[in-house]
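> What follows is the file my_file_19.cif, containing mmCIF, C-alpha atoms:
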data_my_file
loop_
_atom_site.label_atom_id
_atom_site.label_comp_id
_atom_site.auth_asym_id
_atom_site.auth_seq_id
_atom_site.Cartn_x
_atom_site.Cartn_y
_atom_site.Cartn_z
CA MET A 1 -64.37 20.67 212.78
CA SER A 2 -63.25 23.50 210.44
CA ASN A 3 -63.22 25.93 213.37
CA ALA A 4 -61.01 23.57 215.35
CA LEU A 5 -58.57 23.29 212.46
CA ALA A 6 -58.46 27.02 211.67
CA GLY A 7 -58.27 28.14 215.28
CA PRO A 8 -58.36 31.88 215.93
CA ARG A 9 -57.71 32.64 212.22
CA VAL A 10 -61.00 31.16 211.04
CA VAL A 11 -62.17 34.50 209.55
CA GLU A 12 -58.97 34.78 207.51
CA HIS A 13 -59.71 31.39 205.96
CA LEU A 14 -63.15 32.55 204.86
CA VAL A 15 -62.27 35.79 203.05
CA ASP A 16 -60.46 36.35 199.76
CA VAL A 17 -58.17 39.21 200.79
CA VAL A 18 -56.61 40.24 204.11
CA LEU A 19 -54.85 43.60 204.41
CA MET A 20 -52.91 44.75 207.44
CA PHE A 21 -51.86 48.23 208.47
CA GLU A 22 -48.57 48.43 210.34
CA GLY A 23 -46.78 51.31 211.95
CA ASP A 24 -45.99 53.00 215.21
CA ARG A 25 -48.90 55.22 216.25
CA GLN A 26 -46.33 57.84 217.29
CA HIS A 27 -44.96 58.06 213.71
CA VAL A 28 -46.55 59.57 210.64
CA PHE A 29 -45.99 56.61 208.30
CA ARG A 30 -48.18 53.51 207.96
CA MET A 31 -47.42 50.42 205.88
CA LEU A 32 -50.19 48.50 204.13
CA ARG A 33 -49.41 44.85 203.50
CA GLY A 34 -51.45 42.12 201.87
CA ILE A 35 -51.06 38.97 203.94
CA LYS A 36 -53.59 37.00 201.90
CA ASN A 37 -54.84 37.40 198.34
CA ARG A 38 -56.63 34.43 196.85
CA PHE A 39 -56.54 35.88 193.33
CA GLY A 40 -53.21 37.72 193.21
CA SER A 41 -49.88 38.52 194.77
CA THR A 42 -49.30 39.35 198.42
CA SER A 43 -45.87 40.83 197.73
CA GLU A 44 -47.06 44.41 197.26
CA LEU A 45 -46.47 47.13 199.84
CA GLY A 46 -48.03 50.57 200.24
CA LEU A 47 -46.67 53.43 202.34
CA PHE A 48 -49.08 56.04 203.65
CA ALA A 49 -48.75 59.16 205.77
CA MET A 50 -51.25 60.05 208.46
CA GLU A 51 -52.28 63.65 207.78
CA GLY A 52 -54.97 65.88 209.22
CA ASP A 53 -57.50 64.78 206.61
CA GLY A 54 -56.66 61.07 206.79
CA LEU A 55 -54.23 58.65 205.17
CA VAL A 56 -52.39 60.00 202.14
CA PRO A 57 -50.27 57.80 199.84
CA VAL A 58 -46.55 58.56 199.85
CA GLU A 59 -45.41 58.92 196.24
CA ASP A 60 -41.67 58.57 196.93
CA PRO A 61 -41.29 56.36 200.03
CA SER A 62 -37.48 56.17 200.05
CA ARG A 63 -37.08 59.95 199.88
CA ALA A 64 -39.69 60.43 202.59
CA LEU A 65 -38.05 57.91 204.94
CA LEU A 66 -34.62 59.53 204.52
CA ALA A 67 -35.80 63.14 204.67
CA GLU A 68 -34.55 63.69 208.23
CA ARG A 69 -31.43 61.55 208.02
CA PRO A 70 -28.53 63.15 209.92
CA GLU A 71 -25.24 63.69 208.09
CA ASP A 72 -21.74 62.90 209.36
CA VAL A 73 -23.06 61.33 212.57
CA PRO A 74 -21.72 57.98 213.84
CA GLY A 75 -24.24 55.16 214.17
CA SER A 76 -26.22 55.62 210.96
CA ALA A 77 -26.22 53.68 207.67
CA VAL A 78 -28.53 53.59 204.66
CA VAL A 79 -29.58 50.20 203.30
CA ALA A 80 -30.94 49.48 199.84
CA ALA A 81 -33.68 47.07 200.89
CA VAL A 82 -36.55 45.35 199.09
CA GLU A 83 -39.96 44.90 200.62
CA GLY A 84 -42.40 42.92 198.54
CA SER A 85 -41.90 44.11 194.97
CA ARG A 86 -40.66 47.58 195.99
CA PRO A 87 -37.04 48.69 196.38
CA LEU A 88 -36.87 50.87 199.48
CA LEU A 89 -34.02 52.85 201.01
CA VAL A 90 -34.10 52.90 204.80
CA GLU A 91 -31.87 54.23 207.56
CA VAL A 92 -30.54 51.87 210.21
CA GLN A 93 -29.46 53.58 213.43
CA ALA A 94 -27.34 52.01 216.16
CA LEU A 95 -26.15 53.18 219.55
CA LEU A 96 -23.64 51.02 221.44
CA VAL A 97 -22.50 52.28 224.82
CA ARG A 98 -20.79 50.91 227.90
CA SER A 99 -23.03 48.72 230.02
CA TYR A 100 -23.21 49.16 233.79
CA GLY A 101 -24.93 45.84 234.41
CA THR A 102 -26.31 43.08 232.23
CA PRO A 103 -25.95 44.31 228.63
CA ARG A 104 -29.27 45.29 227.06
CA ARG A 105 -30.44 44.62 223.51
CA VAL A 106 -33.28 46.82 222.24
CA VAL A 107 -34.38 46.50 218.60
CA SER A 108 -37.13 48.38 216.76
CA GLY A 109 -38.28 47.65 213.22
CA MET A 110 -36.00 44.63 212.64
CA ASP A 111 -35.72 40.99 213.66
CA PRO A 112 -33.84 40.87 217.01
CA HIS A 113 -32.33 37.51 216.03
CA ARG A 114 -30.80 39.11 212.93
CA VAL A 115 -29.27 41.85 215.06
CA ALA A 116 -27.91 39.31 217.56
CA LEU A 117 -26.26 37.36 214.74
CA VAL A 118 -24.56 40.48 213.38
CA LEU A 119 -23.32 41.47 216.84
CA ALA A 120 -21.79 38.02 217.31
CA VAL A 121 -19.99 38.30 213.95
CA ILE A 122 -18.70 41.77 214.91
CA GLU A 123 -17.18 40.42 218.10
CA ARG A 124 -15.69 37.29 216.52
CA HIS A 125 -14.42 38.66 213.22
CA LEU A 126 -13.80 42.35 213.92
CA GLY A 127 -12.52 42.04 217.48
CA LEU A 128 -14.87 44.63 219.01
CA ARG A 129 -16.16 43.72 222.49
CA VAL A 130 -19.79 44.51 221.77
CA SER A 131 -20.98 41.78 224.16
CA GLU A 132 -20.07 44.10 227.02
CA MET A 133 -22.11 47.02 225.65
CA ASP A 134 -25.73 48.07 225.70
CA ALA A 135 -26.91 47.97 222.07
CA PHE A 136 -29.89 49.84 220.65
CA PHE A 137 -31.05 49.52 217.04
CA LYS A 138 -33.93 50.96 215.05
CA LEU A 139 -35.25 51.53 211.56
CA THR A 140 -36.25 55.18 211.37
CA GLY A 141 -39.73 56.28 210.32
CA GLY A 142 -41.55 53.58 212.25
CA VAL A 143 -41.29 50.99 209.46
CA SER A 144 -40.59 47.28 209.96
CA LEU A 145 -38.61 45.17 207.48
CA ASP A 146 -37.12 41.68 207.35
CA ASP A 147 -34.65 41.72 204.48
CA PRO A 148 -31.29 39.87 204.58
CA ALA A 149 -29.69 42.98 203.04
CA LEU A 150 -30.20 44.75 206.36
CA ASP A 151 -27.30 42.72 207.81
CA LEU A 152 -24.62 44.93 206.29
CA GLY A 153 -26.43 48.10 207.38
CA ILE A 154 -26.77 46.80 210.93
CA MET A 155 -23.04 46.05 211.05
CA ALA A 156 -22.02 49.37 209.49
CA ALA A 157 -24.19 51.37 211.92
CA ALA A 158 -22.97 49.37 214.93
CA VAL A 159 -19.27 49.60 214.06
CA SER A 160 -19.69 53.29 213.26
CA SER A 161 -21.19 53.85 216.71
CA VAL A 162 -18.34 51.98 218.43
CA THR A 163 -15.46 53.54 216.48
CA GLY A 164 -16.92 57.04 216.32
CA HIS A 165 -16.44 57.23 212.55
CA PRO A 166 -19.56 58.14 210.53
CA VAL A 167 -20.49 56.23 207.41
CA PRO A 168 -19.97 58.70 204.51
CA THR A 169 -23.33 60.18 203.55
CA ASP A 170 -23.07 59.26 199.86
CA TRP A 171 -22.73 55.52 200.60
CA VAL A 172 -25.50 52.93 200.51
CA VAL A 173 -25.01 49.29 201.51
CA ALA A 174 -26.78 45.98 200.93
CA GLY A 175 -25.67 42.47 201.82
CA GLU A 176 -26.27 39.40 203.94
CA ILE A 177 -23.67 38.38 206.54
CA GLY A 178 -22.71 34.78 207.23
CA LEU A 179 -21.54 33.39 210.54
CA THR A 180 -18.01 32.89 209.25
CA GLY A 181 -17.69 36.58 208.43
CA GLU A 182 -18.41 36.32 204.71
CA LEU A 183 -20.70 38.62 202.76
CA ARG A 184 -23.42 37.03 200.66
CA ARG A 185 -25.35 38.41 197.72
CA VAL A 186 -28.99 39.38 197.95
CA SER A 187 -31.64 39.32 195.24
CA ARG A 188 -32.61 42.13 192.85
CA MET A 189 -29.44 44.12 193.37
CA GLY A 190 -29.94 46.11 190.18
CA GLU A 191 -33.29 47.45 191.38
CA ARG A 192 -31.83 48.33 194.77
CA LEU A 193 -28.98 50.28 193.22
CA ASN A 194 -31.25 52.04 190.73
CA GLU A 195 -33.28 53.35 193.67
CA ALA A 196 -30.08 54.50 195.39
CA GLN A 197 -28.91 56.31 192.30
CA ASN A 198 -32.27 58.04 191.88
CA LEU A 199 -31.92 59.45 195.39
CA GLY A 200 -28.47 60.86 194.72
CA PHE A 201 -26.19 58.27 196.32
CA ARG A 202 -22.83 57.98 194.62
CA ARG A 203 -21.23 54.85 196.11
CA ALA A 204 -22.58 51.42 197.00
CA LEU A 205 -20.99 48.63 199.01
CA ILE A 206 -22.20 45.16 198.05
CA PRO A 207 -20.98 41.53 198.19
CA GLY A 208 -19.43 40.17 195.01
CA ARG A 209 -19.49 42.08 191.76
CA LEU A 210 -22.34 43.60 189.78
CA SER A 211 -22.66 42.10 186.32
CA GLU A 212 -24.06 45.27 184.72
CA ILE A 213 -22.59 48.77 184.92
CA GLN A 214 -24.56 51.20 187.07
CA PRO A 215 -24.16 54.69 185.50
CA GLY A 216 -23.56 57.46 188.02
CA LEU A 217 -22.93 55.00 190.88
CA THR A 218 -19.56 53.63 191.96
CA VAL A 219 -20.09 50.04 193.07
CA VAL A 220 -17.51 48.71 195.55
CA SER A 221 -17.40 45.01 196.39
CA ALA A 222 -16.21 43.12 199.45
CA ASP A 223 -16.26 39.43 200.35
CA LYS A 224 -15.46 39.66 204.08
CA VAL A 225 -16.81 41.88 206.85
CA ASP A 226 -13.39 43.28 207.78
CA VAL A 227 -12.81 44.33 204.17
CA ALA A 228 -16.28 45.89 204.02
CA MET A 229 -15.72 47.96 207.15
CA ALA A 230 -12.33 49.09 205.80
CA ARG A 231 -14.01 50.19 202.56
CA LEU A 232 -16.32 52.39 204.64
CA GLY A 233 -13.45 53.77 206.73
CA LEU A 234 -14.75 52.18 209.94
CA ASN A 235 -11.85 49.89 210.79
CA GLU A 236 -10.06 52.22 213.21
CA ARG A 237 -11.29 53.35 216.60
CA ASP A 238 -10.83 56.90 217.92
#
Spell out the structure here as structure tokens.


Amino acid sequence: MSNALAGPRVVEHLVDVVLMFEGDRQHVFRMLRGIKNRFGSTSELGLFAMEGDGLVPVEDPSRALLAERPEDVPGSAVVAAVEGSRPLLVEVQALLVRSYGTPRRVVSGMDPHRVALVLAVIERHLGLRVSEMDAFFKLTGGVSLDDPALDLGIMAAAVSSVTGHPVPTDWVVAGEIGLTGELRRVSRMGERLNEAQNLGFRRALIPGRLSEIQPGLTVVSADKVDVAMARLGLNERD
């Protein structure tokens, strides 16, 4: 009877801890997640690099993931994300081009439904005809995340690709996007911005206002997506 109830995950029900390695075999980074821990938290995340002598822990994951980030190139935005208990800065890349048939949607490292939602908001509230374009999105480094704060990075990268204006390299963004075009706060903003400051970012775009002062970091707020894109200088097309 227990086998029938557990189904194909019967082994997972028997053990105390289940760890899972994730990552594209073509990339150097691997993520270690705990998906079950009977005696502790499953919210921890480890980032490892596949080297010649095996897996090596990455001491500064955010810096490693952004090491090859291009500068002054349209279609790129840095998001202050949180995965488990770790603040993590990641690069979202987007490429939107004219479609010569049925528009394609290709997403790597993020929830495709989240990307589809953001594209719909772009078309409705920013007036960009992205429904007629092929759209390609990815998180660089082969990582996979599902954080609501990615919404604002997805939008910034997409609008940057369409307008041809790059997101300034010293900006970091974080925020959830609602269907009516509003920006919503995300949790643990202080930790996200501390990580951004440690990596040398000077300006951050977030929903609402930050209650505490962030030394060395200029925090800019926006409550609507059109205002947010104007703050980043992405509201005009070449």

> Per residue of stretch 179-229 of chain A within 10 Å of stretch 74-81 of chain A, which atom pair is closest and at what distance in Å (one decimal), using all atoms listed in the file, listed by chain and increasing number, as a tab-separated table?


residue	atom	partner	partner_atom	distance
A:Val186	CA	A:Ala81	CA	9.5
A:Ser187	CA	A:Ala81	CA	9.8
A:Arg188	CA	A:Ala81	CA	9.5
A:Met189	CA	A:Ala80	CA	8.5
A:Glu191	CA	A:Ala80	CA	9.0
A:Arg192	CA	A:Ala80	CA	5.3
A:Leu193	CA	A:Ala80	CA	7.0
A:Asn194	CA	A:Ala80	CA	9.5
A:Glu195	CA	A:Ala80	CA	7.6
A:Ala196	CA	A:Ala80	CA	6.8
A:Phe201	CA	A:Val78	CA	9.8
A:Ala204	CA	A:Ala80	CA	9.0
A:Leu205	CA	A:Val79	CA	9.7
A:Ile206	CA	A:Ala80	CA	9.9

> Any chance you could export the current selection's C-alpha atoms as a compact mmCIF listing (two decimals), in the coordinates of the input?


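Below is the file out.txt, written as the result:
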# COMPACT_ATOMS: atom_id res chain seq x y z
CA VAL A 186 -28.99 39.38 197.95
CA SER A 187 -31.64 39.32 195.24
CA ARG A 188 -32.61 42.13 192.85
CA MET A 189 -29.44 44.12 193.37
CA GLU A 191 -33.29 47.45 191.38
CA ARG A 192 -31.83 48.33 194.77
CA LEU A 193 -28.98 50.28 193.22
CA ASN A 194 -31.25 52.04 190.73
CA GLU A 195 -33.28 53.35 193.67
CA ALA A 196 -30.08 54.50 195.39
CA PHE A 201 -26.19 58.27 196.32
CA ALA A 204 -22.58 51.42 197.00
CA LEU A 205 -20.99 48.63 199.01
CA ILE A 206 -22.20 45.16 198.05

> Tell me, in Å to one decimal, how far atom CA of A:Arg202 is from atom CA of A:Arg69.

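Between these atoms lies a distance of 16.3 Å.
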
> What does the distance between atom CA of A:Leu19 and atom CA of A:Arg63 come to in Å, to one decimal place?

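Computing the Euclidean distance for atom CA of A:Leu19 and atom CA of A:Arg63 yields 24.6 Å.
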
> Quick check on the file I pasted: which residues fall under the PyMOL selection byres ((chain A and resi 152-166) around 6)? Write them as a list in words.

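On the file shown, the PyMOL selection byres ((chain A and resi 152-166) around 6) covers Asp72, Val73, Pro74, Gly75, Ser76, Ala77, Val79, Gln93, Ala94, Leu95, Leu150, Asp151, Val167, Ala174, Gly175, Leu234, Arg237 and Asp238 of chain A.
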
> What does the file look like for those residues with C-alpha atoms, as a compact mmCIF listing (two decimals), keeping the file's coordinate frame?


# COMPACT_ATOMS: atom_id res chain seq x y z
CA ASP A 72 -21.74 62.90 209.36
CA VAL A 73 -23.06 61.33 212.57
CA PRO A 74 -21.72 57.98 213.84
CA GLY A 75 -24.24 55.16 214.17
CA SER A 76 -26.22 55.62 210.96
CA ALA A 77 -26.22 53.68 207.67
CA VAL A 79 -29.58 50.20 203.30
CA GLN A 93 -29.46 53.58 213.43
CA ALA A 94 -27.34 52.01 216.16
CA LEU A 95 -26.15 53.18 219.55
CA LEU A 150 -30.20 44.75 206.36
CA ASP A 151 -27.30 42.72 207.81
CA VAL A 167 -20.49 56.23 207.41
CA ALA A 174 -26.78 45.98 200.93
CA GLY A 175 -25.67 42.47 201.82
CA LEU A 234 -14.75 52.18 209.94
CA ARG A 237 -11.29 53.35 216.60
CA ASP A 238 -10.83 56.90 217.92

> Could you state the separation of atom CA of A:Ser131 and atom CA of A:Arg184 in Å, given to one decimal place?

24.1 Å

> Could you write stretch 62-88 of chain A as an mmCIF file, keeping the file's coordinate frame, with N, CA and C atoms rebuilt where they are missing?


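part-v8.cif was written with the following content:
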data_model
loop_
_atom_site.group_PDB
_atom_site.id
_atom_site.type_symbol
_atom_site.label_atom_id
_atom_site.label_comp_id
_atom_site.auth_asym_id
_atom_site.auth_seq_id
_atom_site.Cartn_x
_atom_site.Cartn_y
_atom_site.Cartn_z
ATOM 1 N N SER A 62 -38.881 56.130 199.637
ATOM 2 C CA SER A 62 -37.480 56.170 200.050
ATOM 3 C C SER A 62 -37.067 57.592 200.429
ATOM 4 N N ARG A 63 -37.437 58.563 199.597
ATOM 5 C CA ARG A 63 -37.080 59.950 199.880
ATOM 6 C C ARG A 63 -37.741 60.421 201.167
ATOM 7 N N ALA A 64 -38.980 60.013 201.374
ATOM 8 C CA ALA A 64 -39.690 60.430 202.590
ATOM 9 C C ALA A 64 -39.051 59.842 203.837
ATOM 10 N N LEU A 65 -38.635 58.561 203.772
ATOM 11 C CA LEU A 65 -38.050 57.910 204.940
ATOM 12 C C LEU A 65 -36.664 58.463 205.288
ATOM 13 N N LEU A 66 -35.967 59.010 204.287
ATOM 14 C CA LEU A 66 -34.620 59.530 204.520
ATOM 15 C C LEU A 66 -34.587 61.045 204.664
ATOM 16 N N ALA A 67 -35.756 61.680 204.678
ATOM 17 C CA ALA A 67 -35.800 63.140 204.670
ATOM 18 C C ALA A 67 -35.100 63.769 205.865
ATOM 19 N N GLU A 68 -35.149 63.125 207.018
ATOM 20 C CA GLU A 68 -34.550 63.690 208.230
ATOM 21 C C GLU A 68 -33.276 62.972 208.644
ATOM 22 N N ARG A 69 -32.649 62.288 207.711
ATOM 23 C CA ARG A 69 -31.430 61.550 208.020
ATOM 24 C C ARG A 69 -30.297 62.506 208.407
ATOM 25 N N PRO A 70 -29.646 62.288 209.539
ATOM 26 C CA PRO A 70 -28.530 63.150 209.920
ATOM 27 C C PRO A 70 -27.302 62.867 209.055
ATOM 28 N N GLU A 71 -26.449 63.851 208.881
ATOM 29 C CA GLU A 71 -25.240 63.690 208.090
ATOM 30 C C GLU A 71 -24.009 63.745 208.982
ATOM 31 N N ASP A 72 -23.018 62.921 208.650
ATOM 32 C CA ASP A 72 -21.740 62.900 209.360
ATOM 33 C C ASP A 72 -21.913 62.638 210.856
ATOM 34 N N VAL A 73 -22.817 61.715 211.185
ATOM 35 C CA VAL A 73 -23.060 61.330 212.570
ATOM 36 C C VAL A 73 -22.809 59.837 212.712
ATOM 37 N N PRO A 74 -21.961 59.412 213.656
ATOM 38 C CA PRO A 74 -21.720 57.980 213.840
ATOM 39 C C PRO A 74 -23.003 57.242 214.231
ATOM 40 N N GLY A 75 -23.107 55.995 213.784
ATOM 41 C CA GLY A 75 -24.240 55.160 214.170
ATOM 42 C C GLY A 75 -25.383 55.146 213.192
ATOM 43 N N SER A 76 -25.158 55.575 211.949
ATOM 44 C CA SER A 76 -26.220 55.620 210.960
ATOM 45 C C SER A 76 -25.723 55.050 209.644
ATOM 46 N N ALA A 77 -26.556 54.237 208.977
ATOM 47 C CA ALA A 77 -26.220 53.680 207.670
ATOM 48 C C ALA A 77 -27.490 53.528 206.856
ATOM 49 N N VAL A 78 -27.388 53.723 205.560
ATOM 50 C CA VAL A 78 -28.530 53.590 204.660
ATOM 51 C C VAL A 78 -28.432 52.260 203.921
ATOM 52 N N VAL A 79 -29.529 51.520 203.923
ATOM 53 C CA VAL A 79 -29.580 50.200 203.300
ATOM 54 C C VAL A 79 -30.517 50.241 202.103
ATOM 55 N N ALA A 80 -30.078 49.664 201.000
ATOM 56 C CA ALA A 80 -30.940 49.480 199.840
ATOM 57 C C ALA A 80 -31.695 48.162 200.036
ATOM 58 N N ALA A 81 -32.895 48.257 200.551
ATOM 59 C CA ALA A 81 -33.680 47.070 200.890
ATOM 60 C C ALA A 81 -34.736 46.815 199.818
ATOM 61 N N VAL A 82 -35.390 45.689 199.924
ATOM 62 C CA VAL A 82 -36.550 45.350 199.090
ATOM 63 C C VAL A 82 -37.640 44.832 200.005
ATOM 64 N N GLU A 83 -38.806 45.378 199.867
ATOM 65 C CA GLU A 83 -39.960 44.900 200.620
ATOM 66 C C GLU A 83 -41.075 44.583 199.645
ATOM 67 N N GLY A 84 -41.450 43.319 199.557
ATOM 68 C CA GLY A 84 -42.400 42.920 198.540
ATOM 69 C C GLY A 84 -41.791 43.087 197.164
ATOM 70 N N SER A 85 -42.435 43.853 196.310
ATOM 71 C CA SER A 85 -41.900 44.110 194.970
ATOM 72 C C SER A 85 -41.271 45.489 194.874
ATOM 73 N N ARG A 86 -41.102 46.188 196.006
ATOM 74 C CA ARG A 86 -40.660 47.580 195.990
ATOM 75 C C ARG A 86 -39.254 47.728 196.556
ATOM 76 N N PRO A 87 -38.323 48.313 195.779
ATOM 77 C CA PRO A 87 -37.040 48.690 196.380
ATOM 78 C C PRO A 87 -37.253 49.887 197.300
ATOM 79 N N LEU A 88 -36.610 49.863 198.451
ATOM 80 C CA LEU A 88 -36.870 50.870 199.480
ATOM 81 C C LEU A 88 -35.579 51.165 200.212
#
